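data17.cif, holding mmCIF, N, CA and C atoms:
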```cif
data_entry
loop_
_atom_site.label_atom_id
_atom_site.label_comp_id
_atom_site.auth_asym_id
_atom_site.auth_seq_id
_atom_site.Cartn_x
_atom_site.Cartn_y
_atom_site.Cartn_z
N MET A 262 -58.89 -29.38 25.09
CA MET A 262 -58.60 -27.96 25.12
C MET A 262 -57.73 -27.62 23.91
N THR A 263 -58.09 -26.55 23.24
CA THR A 263 -57.37 -26.07 22.08
C THR A 263 -56.65 -24.78 22.43
N ASN A 264 -55.44 -24.60 21.92
CA ASN A 264 -54.72 -23.34 22.07
C ASN A 264 -55.14 -22.41 20.95
N ILE A 265 -55.72 -21.27 21.31
CA ILE A 265 -56.22 -20.31 20.33
C ILE A 265 -55.69 -18.93 20.68
N SER A 266 -55.22 -18.22 19.67
CA SER A 266 -54.78 -16.84 19.86
C SER A 266 -55.81 -15.91 19.26
N VAL A 267 -56.02 -14.79 19.93
CA VAL A 267 -56.92 -13.75 19.43
C VAL A 267 -56.09 -12.48 19.26
N LEU A 268 -56.07 -11.97 18.02
CA LEU A 268 -55.37 -10.73 17.72
C LEU A 268 -56.42 -9.65 17.52
N GLY A 269 -56.39 -8.65 18.37
CA GLY A 269 -57.37 -7.57 18.31
C GLY A 269 -58.37 -7.71 19.44
N LEU A 270 -58.36 -6.73 20.33
CA LEU A 270 -59.23 -6.80 21.50
C LEU A 270 -60.21 -5.64 21.57
N GLY A 271 -60.83 -5.35 20.43
CA GLY A 271 -61.98 -4.46 20.44
C GLY A 271 -63.14 -5.22 21.06
N ALA A 272 -64.32 -4.69 20.94
CA ALA A 272 -65.49 -5.33 21.55
C ALA A 272 -65.68 -6.77 21.07
N MET A 273 -65.54 -7.01 19.79
CA MET A 273 -65.74 -8.36 19.26
C MET A 273 -64.62 -9.30 19.68
N GLY A 274 -63.37 -8.85 19.60
CA GLY A 274 -62.25 -9.69 20.02
C GLY A 274 -62.33 -10.05 21.49
N GLN A 275 -62.72 -9.10 22.33
CA GLN A 275 -62.88 -9.37 23.76
C GLN A 275 -63.98 -10.39 24.00
N ALA A 276 -65.11 -10.25 23.29
CA ALA A 276 -66.22 -11.19 23.45
C ALA A 276 -65.82 -12.59 23.00
N LEU A 277 -65.11 -12.68 21.88
CA LEU A 277 -64.65 -13.99 21.40
C LEU A 277 -63.69 -14.64 22.40
N ALA A 278 -62.73 -13.86 22.88
CA ALA A 278 -61.76 -14.40 23.83
C ALA A 278 -62.43 -14.85 25.11
N ALA A 279 -63.37 -14.07 25.61
CA ALA A 279 -64.09 -14.44 26.85
C ALA A 279 -64.84 -15.74 26.66
N ARG A 280 -65.51 -15.90 25.53
CA ARG A 280 -66.27 -17.13 25.27
C ARG A 280 -65.34 -18.33 25.12
N LEU A 281 -64.22 -18.15 24.45
CA LEU A 281 -63.25 -19.24 24.30
C LEU A 281 -62.73 -19.68 25.67
N LEU A 282 -62.46 -18.73 26.54
CA LEU A 282 -62.03 -19.07 27.91
C LEU A 282 -63.12 -19.82 28.65
N GLN A 283 -64.36 -19.37 28.52
CA GLN A 283 -65.48 -20.05 29.18
C GLN A 283 -65.63 -21.49 28.72
N GLN A 284 -65.25 -21.75 27.48
CA GLN A 284 -65.35 -23.09 26.92
C GLN A 284 -64.12 -23.96 27.24
N GLY A 285 -63.19 -23.41 28.02
CA GLY A 285 -62.05 -24.19 28.47
C GLY A 285 -60.82 -24.17 27.57
N HIS A 286 -60.82 -23.30 26.59
CA HIS A 286 -59.66 -23.22 25.70
C HIS A 286 -58.54 -22.41 26.34
N SER A 287 -57.32 -22.71 25.93
CA SER A 287 -56.16 -21.92 26.31
C SER A 287 -56.10 -20.76 25.33
N VAL A 288 -56.12 -19.53 25.84
CA VAL A 288 -56.23 -18.35 24.98
C VAL A 288 -55.03 -17.43 25.18
N THR A 289 -54.40 -17.08 24.07
CA THR A 289 -53.31 -16.11 24.06
C THR A 289 -53.82 -14.86 23.36
N LEU A 290 -53.49 -13.70 23.93
CA LEU A 290 -54.02 -12.43 23.43
C LEU A 290 -52.93 -11.48 23.00
N TRP A 291 -53.24 -10.71 21.96
CA TRP A 291 -52.38 -9.60 21.56
C TRP A 291 -53.26 -8.50 21.02
N ASN A 292 -52.90 -7.27 21.35
CA ASN A 292 -53.60 -6.10 20.85
C ASN A 292 -52.59 -5.01 20.54
N ARG A 293 -52.85 -4.24 19.50
CA ARG A 293 -51.93 -3.16 19.13
C ARG A 293 -51.78 -2.14 20.24
N THR A 294 -52.85 -1.89 20.96
CA THR A 294 -52.82 -0.96 22.09
C THR A 294 -52.85 -1.78 23.38
N ALA A 295 -51.82 -1.63 24.18
CA ALA A 295 -51.75 -2.38 25.43
C ALA A 295 -52.85 -1.93 26.39
N GLY A 296 -53.19 -2.81 27.34
CA GLY A 296 -54.11 -2.44 28.40
C GLY A 296 -55.52 -2.94 28.26
N LYS A 297 -55.85 -3.64 27.19
CA LYS A 297 -57.21 -4.13 27.00
C LYS A 297 -57.40 -5.57 27.46
N ALA A 298 -56.35 -6.25 27.86
CA ALA A 298 -56.45 -7.68 28.15
C ALA A 298 -56.61 -7.99 29.64
N GLY A 299 -56.56 -6.99 30.49
CA GLY A 299 -56.53 -7.23 31.93
C GLY A 299 -57.61 -8.16 32.46
N PHE A 300 -58.87 -7.90 32.13
CA PHE A 300 -59.94 -8.74 32.67
C PHE A 300 -59.90 -10.15 32.08
N LEU A 301 -59.39 -10.29 30.87
CA LEU A 301 -59.27 -11.62 30.27
C LEU A 301 -58.09 -12.39 30.87
N VAL A 302 -57.02 -11.69 31.16
CA VAL A 302 -55.88 -12.31 31.84
C VAL A 302 -56.32 -12.80 33.22
N ALA A 303 -57.14 -12.03 33.89
CA ALA A 303 -57.66 -12.42 35.21
C ALA A 303 -58.51 -13.69 35.11
N GLN A 304 -59.06 -13.97 33.93
CA GLN A 304 -59.86 -15.18 33.71
C GLN A 304 -59.02 -16.35 33.21
N GLY A 305 -57.71 -16.12 33.02
CA GLY A 305 -56.84 -17.23 32.63
C GLY A 305 -56.16 -17.08 31.28
N ALA A 306 -56.45 -16.03 30.54
CA ALA A 306 -55.78 -15.82 29.25
C ALA A 306 -54.33 -15.39 29.50
N ARG A 307 -53.54 -15.52 28.46
CA ARG A 307 -52.14 -15.09 28.51
C ARG A 307 -51.96 -13.99 27.49
N GLU A 308 -51.38 -12.87 27.91
CA GLU A 308 -51.13 -11.76 27.01
C GLU A 308 -49.66 -11.77 26.58
N VAL A 309 -49.42 -11.53 25.29
CA VAL A 309 -48.06 -11.44 24.78
C VAL A 309 -47.86 -10.07 24.14
N THR A 310 -46.61 -9.74 23.86
CA THR A 310 -46.29 -8.39 23.40
C THR A 310 -46.19 -8.24 21.89
N SER A 311 -46.32 -9.34 21.15
CA SER A 311 -46.27 -9.22 19.69
C SER A 311 -47.26 -10.19 19.04
N ALA A 312 -47.73 -9.80 17.86
CA ALA A 312 -48.61 -10.68 17.11
C ALA A 312 -47.90 -11.98 16.74
N ALA A 313 -46.62 -11.88 16.41
CA ALA A 313 -45.85 -13.08 16.06
C ALA A 313 -45.81 -14.06 17.23
N ASP A 314 -45.61 -13.55 18.44
CA ASP A 314 -45.61 -14.43 19.62
C ASP A 314 -46.97 -15.08 19.82
N ALA A 315 -48.03 -14.33 19.60
CA ALA A 315 -49.38 -14.89 19.75
C ALA A 315 -49.62 -15.99 18.72
N ILE A 316 -49.28 -15.72 17.46
CA ILE A 316 -49.48 -16.71 16.40
C ILE A 316 -48.65 -17.96 16.67
N ALA A 317 -47.41 -17.78 17.07
CA ALA A 317 -46.51 -18.92 17.32
C ALA A 317 -46.98 -19.79 18.48
N SER A 318 -47.76 -19.25 19.38
CA SER A 318 -48.16 -20.00 20.57
C SER A 318 -49.38 -20.88 20.35
N SER A 319 -50.02 -20.77 19.19
CA SER A 319 -51.27 -21.49 18.95
C SER A 319 -51.31 -22.07 17.54
N ASP A 320 -52.06 -23.15 17.40
CA ASP A 320 -52.29 -23.70 16.06
C ASP A 320 -53.33 -22.89 15.30
N LEU A 321 -54.22 -22.23 16.04
CA LEU A 321 -55.30 -21.45 15.45
C LEU A 321 -55.24 -20.02 15.95
N THR A 322 -55.26 -19.07 15.03
CA THR A 322 -55.27 -17.66 15.38
C THR A 322 -56.50 -17.00 14.76
N VAL A 323 -57.21 -16.24 15.57
CA VAL A 323 -58.35 -15.46 15.11
C VAL A 323 -57.90 -14.00 15.08
N ILE A 324 -58.00 -13.37 13.92
CA ILE A 324 -57.65 -11.97 13.82
C ILE A 324 -58.94 -11.16 13.66
N CYS A 325 -59.11 -10.20 14.54
CA CYS A 325 -60.33 -9.43 14.59
C CYS A 325 -59.96 -7.96 14.80
N VAL A 326 -59.58 -7.31 13.71
CA VAL A 326 -59.18 -5.91 13.77
C VAL A 326 -60.11 -5.10 12.87
N LEU A 327 -59.92 -3.80 12.86
CA LEU A 327 -60.86 -2.87 12.22
C LEU A 327 -61.09 -3.12 10.74
N ASP A 328 -60.01 -3.27 9.98
CA ASP A 328 -60.17 -3.38 8.53
C ASP A 328 -58.98 -4.13 7.93
N TYR A 329 -59.01 -4.29 6.61
CA TYR A 329 -57.96 -5.06 5.96
C TYR A 329 -56.60 -4.36 5.98
N ALA A 330 -56.58 -3.05 6.05
CA ALA A 330 -55.30 -2.35 6.18
C ALA A 330 -54.66 -2.72 7.52
N ALA A 331 -55.45 -2.73 8.57
CA ALA A 331 -54.94 -3.11 9.89
C ALA A 331 -54.53 -4.58 9.91
N ALA A 332 -55.34 -5.44 9.32
CA ALA A 332 -55.02 -6.87 9.28
C ALA A 332 -53.71 -7.11 8.53
N SER A 333 -53.53 -6.42 7.40
CA SER A 333 -52.30 -6.57 6.63
C SER A 333 -51.10 -6.12 7.44
N SER A 334 -51.24 -5.02 8.15
CA SER A 334 -50.15 -4.52 8.97
C SER A 334 -49.77 -5.53 10.05
N VAL A 335 -50.76 -6.09 10.71
CA VAL A 335 -50.52 -7.08 11.77
C VAL A 335 -49.85 -8.33 11.18
N LEU A 336 -50.41 -8.84 10.11
CA LEU A 336 -49.88 -10.09 9.52
C LEU A 336 -48.52 -9.89 8.88
N ASP A 337 -48.28 -8.73 8.28
CA ASP A 337 -46.96 -8.45 7.70
C ASP A 337 -45.88 -8.51 8.78
N GLY A 338 -46.18 -7.97 9.95
CA GLY A 338 -45.22 -7.96 11.04
C GLY A 338 -45.02 -9.31 11.70
N ALA A 339 -45.88 -10.26 11.37
CA ALA A 339 -45.82 -11.57 12.01
C ALA A 339 -45.62 -12.70 11.00
N ALA A 340 -45.19 -12.38 9.80
CA ALA A 340 -45.10 -13.36 8.72
C ALA A 340 -44.27 -14.58 9.08
N SER A 341 -43.22 -14.39 9.85
CA SER A 341 -42.34 -15.52 10.18
C SER A 341 -43.02 -16.55 11.07
N ALA A 342 -44.09 -16.20 11.73
CA ALA A 342 -44.77 -17.11 12.65
C ALA A 342 -45.92 -17.86 11.99
N LEU A 343 -46.25 -17.57 10.75
CA LEU A 343 -47.45 -18.13 10.12
C LEU A 343 -47.31 -19.57 9.63
N ALA A 344 -46.11 -20.07 9.47
CA ALA A 344 -45.92 -21.43 8.94
C ALA A 344 -46.63 -22.46 9.81
N GLY A 345 -47.46 -23.26 9.18
CA GLY A 345 -48.14 -24.34 9.87
C GLY A 345 -49.30 -23.90 10.75
N ARG A 346 -49.69 -22.66 10.66
CA ARG A 346 -50.77 -22.13 11.50
C ARG A 346 -52.02 -21.87 10.67
N ALA A 347 -53.16 -22.01 11.30
CA ALA A 347 -54.43 -21.64 10.68
C ALA A 347 -54.81 -20.26 11.18
N VAL A 348 -55.24 -19.41 10.24
CA VAL A 348 -55.66 -18.05 10.59
C VAL A 348 -57.11 -17.87 10.14
N VAL A 349 -57.95 -17.46 11.08
CA VAL A 349 -59.33 -17.12 10.78
C VAL A 349 -59.41 -15.60 10.85
N ASN A 350 -59.74 -14.98 9.74
CA ASN A 350 -59.77 -13.53 9.65
C ASN A 350 -61.21 -13.05 9.73
N LEU A 351 -61.56 -12.35 10.80
CA LEU A 351 -62.90 -11.83 10.98
C LEU A 351 -62.97 -10.32 10.71
N THR A 352 -62.00 -9.84 9.96
CA THR A 352 -61.92 -8.43 9.64
C THR A 352 -63.06 -8.01 8.71
N ASN A 353 -63.55 -6.81 8.92
CA ASN A 353 -64.62 -6.28 8.08
C ASN A 353 -64.05 -5.81 6.74
N GLY A 354 -64.69 -6.26 5.66
CA GLY A 354 -64.24 -5.85 4.34
C GLY A 354 -65.04 -6.53 3.26
N THR A 355 -64.54 -6.45 2.06
CA THR A 355 -65.24 -7.02 0.91
C THR A 355 -64.71 -8.42 0.60
N PRO A 356 -65.47 -9.21 -0.15
CA PRO A 356 -64.97 -10.50 -0.59
C PRO A 356 -63.66 -10.38 -1.39
N ALA A 357 -63.55 -9.35 -2.19
CA ALA A 357 -62.32 -9.16 -2.97
C ALA A 357 -61.13 -8.93 -2.05
N GLN A 358 -61.32 -8.16 -0.97
CA GLN A 358 -60.24 -7.95 -0.02
C GLN A 358 -59.86 -9.25 0.68
N ALA A 359 -60.85 -10.05 1.01
CA ALA A 359 -60.58 -11.34 1.66
C ALA A 359 -59.77 -12.25 0.74
N ARG A 360 -60.17 -12.33 -0.52
CA ARG A 360 -59.44 -13.16 -1.49
C ARG A 360 -58.02 -12.65 -1.69
N ALA A 361 -57.87 -11.35 -1.82
CA ALA A 361 -56.53 -10.78 -2.04
C ALA A 361 -55.62 -11.05 -0.86
N THR A 362 -56.15 -10.94 0.35
CA THR A 362 -55.34 -11.21 1.54
C THR A 362 -54.94 -12.68 1.60
N ALA A 363 -55.88 -13.56 1.33
CA ALA A 363 -55.58 -15.00 1.34
C ALA A 363 -54.54 -15.34 0.29
N GLU A 364 -54.68 -14.77 -0.91
CA GLU A 364 -53.72 -15.04 -1.97
C GLU A 364 -52.34 -14.50 -1.62
N ARG A 365 -52.30 -13.31 -1.03
CA ARG A 365 -51.01 -12.74 -0.64
C ARG A 365 -50.33 -13.57 0.43
N LEU A 366 -51.08 -14.01 1.42
CA LEU A 366 -50.49 -14.84 2.47
C LEU A 366 -50.00 -16.17 1.93
N GLU A 367 -50.77 -16.76 1.02
CA GLU A 367 -50.34 -18.02 0.40
C GLU A 367 -49.06 -17.80 -0.41
N ALA A 368 -49.00 -16.72 -1.17
CA ALA A 368 -47.79 -16.43 -1.96
C ALA A 368 -46.60 -16.18 -1.04
N ASP A 369 -46.80 -15.42 0.03
CA ASP A 369 -45.72 -15.16 0.99
C ASP A 369 -45.25 -16.46 1.61
N PHE A 370 -46.21 -17.33 1.97
CA PHE A 370 -45.86 -18.61 2.58
C PHE A 370 -45.04 -19.45 1.61
N ARG A 371 -45.47 -19.54 0.37
CA ARG A 371 -44.73 -20.33 -0.62
C ARG A 371 -43.35 -19.77 -0.87
N ARG A 372 -43.23 -18.46 -0.95
CA ARG A 372 -41.94 -17.83 -1.20
C ARG A 372 -41.01 -18.01 0.01
N THR A 373 -41.54 -17.85 1.18
CA THR A 373 -40.72 -17.92 2.39
C THR A 373 -40.36 -19.35 2.76
N TYR A 374 -41.29 -20.27 2.59
CA TYR A 374 -41.07 -21.64 3.07
C TYR A 374 -40.98 -22.67 1.96
N ARG A 375 -40.94 -22.21 0.71
CA ARG A 375 -40.84 -23.09 -0.46
C ARG A 375 -41.88 -24.21 -0.40
N TYR A 376 -43.07 -23.82 -0.02
CA TYR A 376 -44.19 -24.74 0.06
C TYR A 376 -44.72 -24.98 -1.35
N ALA A 377 -44.99 -26.21 -1.69
CA ALA A 377 -45.50 -26.49 -3.04
C ALA A 377 -46.79 -27.26 -2.97
#
```

If you took the structure in this file and wrote it as structure tokens, what would it be?
Amino acid sequence: MTNISVLGLGAMGQALAARLLQQGHSVTLWNRTAGKAGFLVAQGAREVTSAADAIASSDLTVICVLDYAAASSVLDGAASALAGRAVVNLTNGTPAQARATAERLEADFRRTYRYA
């Protein structure tokens, strides 16, 4: 069993979380708007009140939000929890946006944790 966090509970995030639960994974959930996790919690998921708490609770975090502006907002607010974590970003956008986000997170990580 793997501990996996899902950030964003739109239709895709809900489907991903449900499938992860069906496969026996421990799933932690966070959504910007409360109230979308009820049926997943009933299936065994755990809901937390911040993206940072969700990221900190798992080695792997899947972020599935509307766009890169939303993803940046979520990740900026949870920067302190990113050390040592893997993030899979399923956000809709361009390859350039994906590269820029990855580069920014790597730079933030190096600056914050003196990673070399």

| request: Given the file shown, enumerate the residues that the PyMOL selection byres ((chain A and resi 323) around 8) captures and present them as a ChimeraX atom specification. | output: /A:265-269,274,316,320-322,324-326,347-352

| Separation of atom CA of Ser319 of chain A and atom CA of Thr263 of chain A, in Å? | 8.2 Å

| message | Can you tell me, as a list in words, which residues in segment 305-342 of chain A count as helix (DSSP H, G or I) by DSSP? | response | Ala312, Ala313, Asp314, Ala315, Ile316, Ala317, Tyr329, Ala330, Ala331, Ala332, Ser333, Ser334, Val335, Leu336, Asp337, Gly338, Ala340, Ser341 and Ala342 of chain A

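Neighbours of Gly271 of chain A closer than or equal to 12 Å, with only C-alpha atoms counted and sequence neighbours fewer than 5 positions away skipped, come out as Ala276, Leu277, Ala278, Leu290, Trp291, Asn292, Arg293, Thr294, Ala295, Gly296, Lys297, Ala298, Ile324, Cys325, Val326, Leu327 and Thr352 of chain A.
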
| query | Where does DSSP see strand (DSSP E or B) in segment 282-362 of chain A, if you list the residues as a PyMOL selection string? | reply | chain A and resi 287-291+307-308+321-324+347-350

| task | Would you mind reading off the distance between atom N of Leu343 of chain A and atom CA of Ala313 of chain A, one decimal, in Å? | result | 7.0 Å

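Note that the spacing between atom CA of Ala306 of chain A and atom C of Leu281 of chain A amounts to 8.7 Å.
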
| Counting all atoms listed in the file, the residue of A:Asn264, A:Pro356, A:Ala317, A:Glu364 that sits nearest His286 of chain A | A:Asn264

| note | With distances taken over all atoms listed in the file, the candidate from A:Val302, A:Ala312, A:Met273, A:Gln283 nearest Ala339 of chain A is A:Ala312
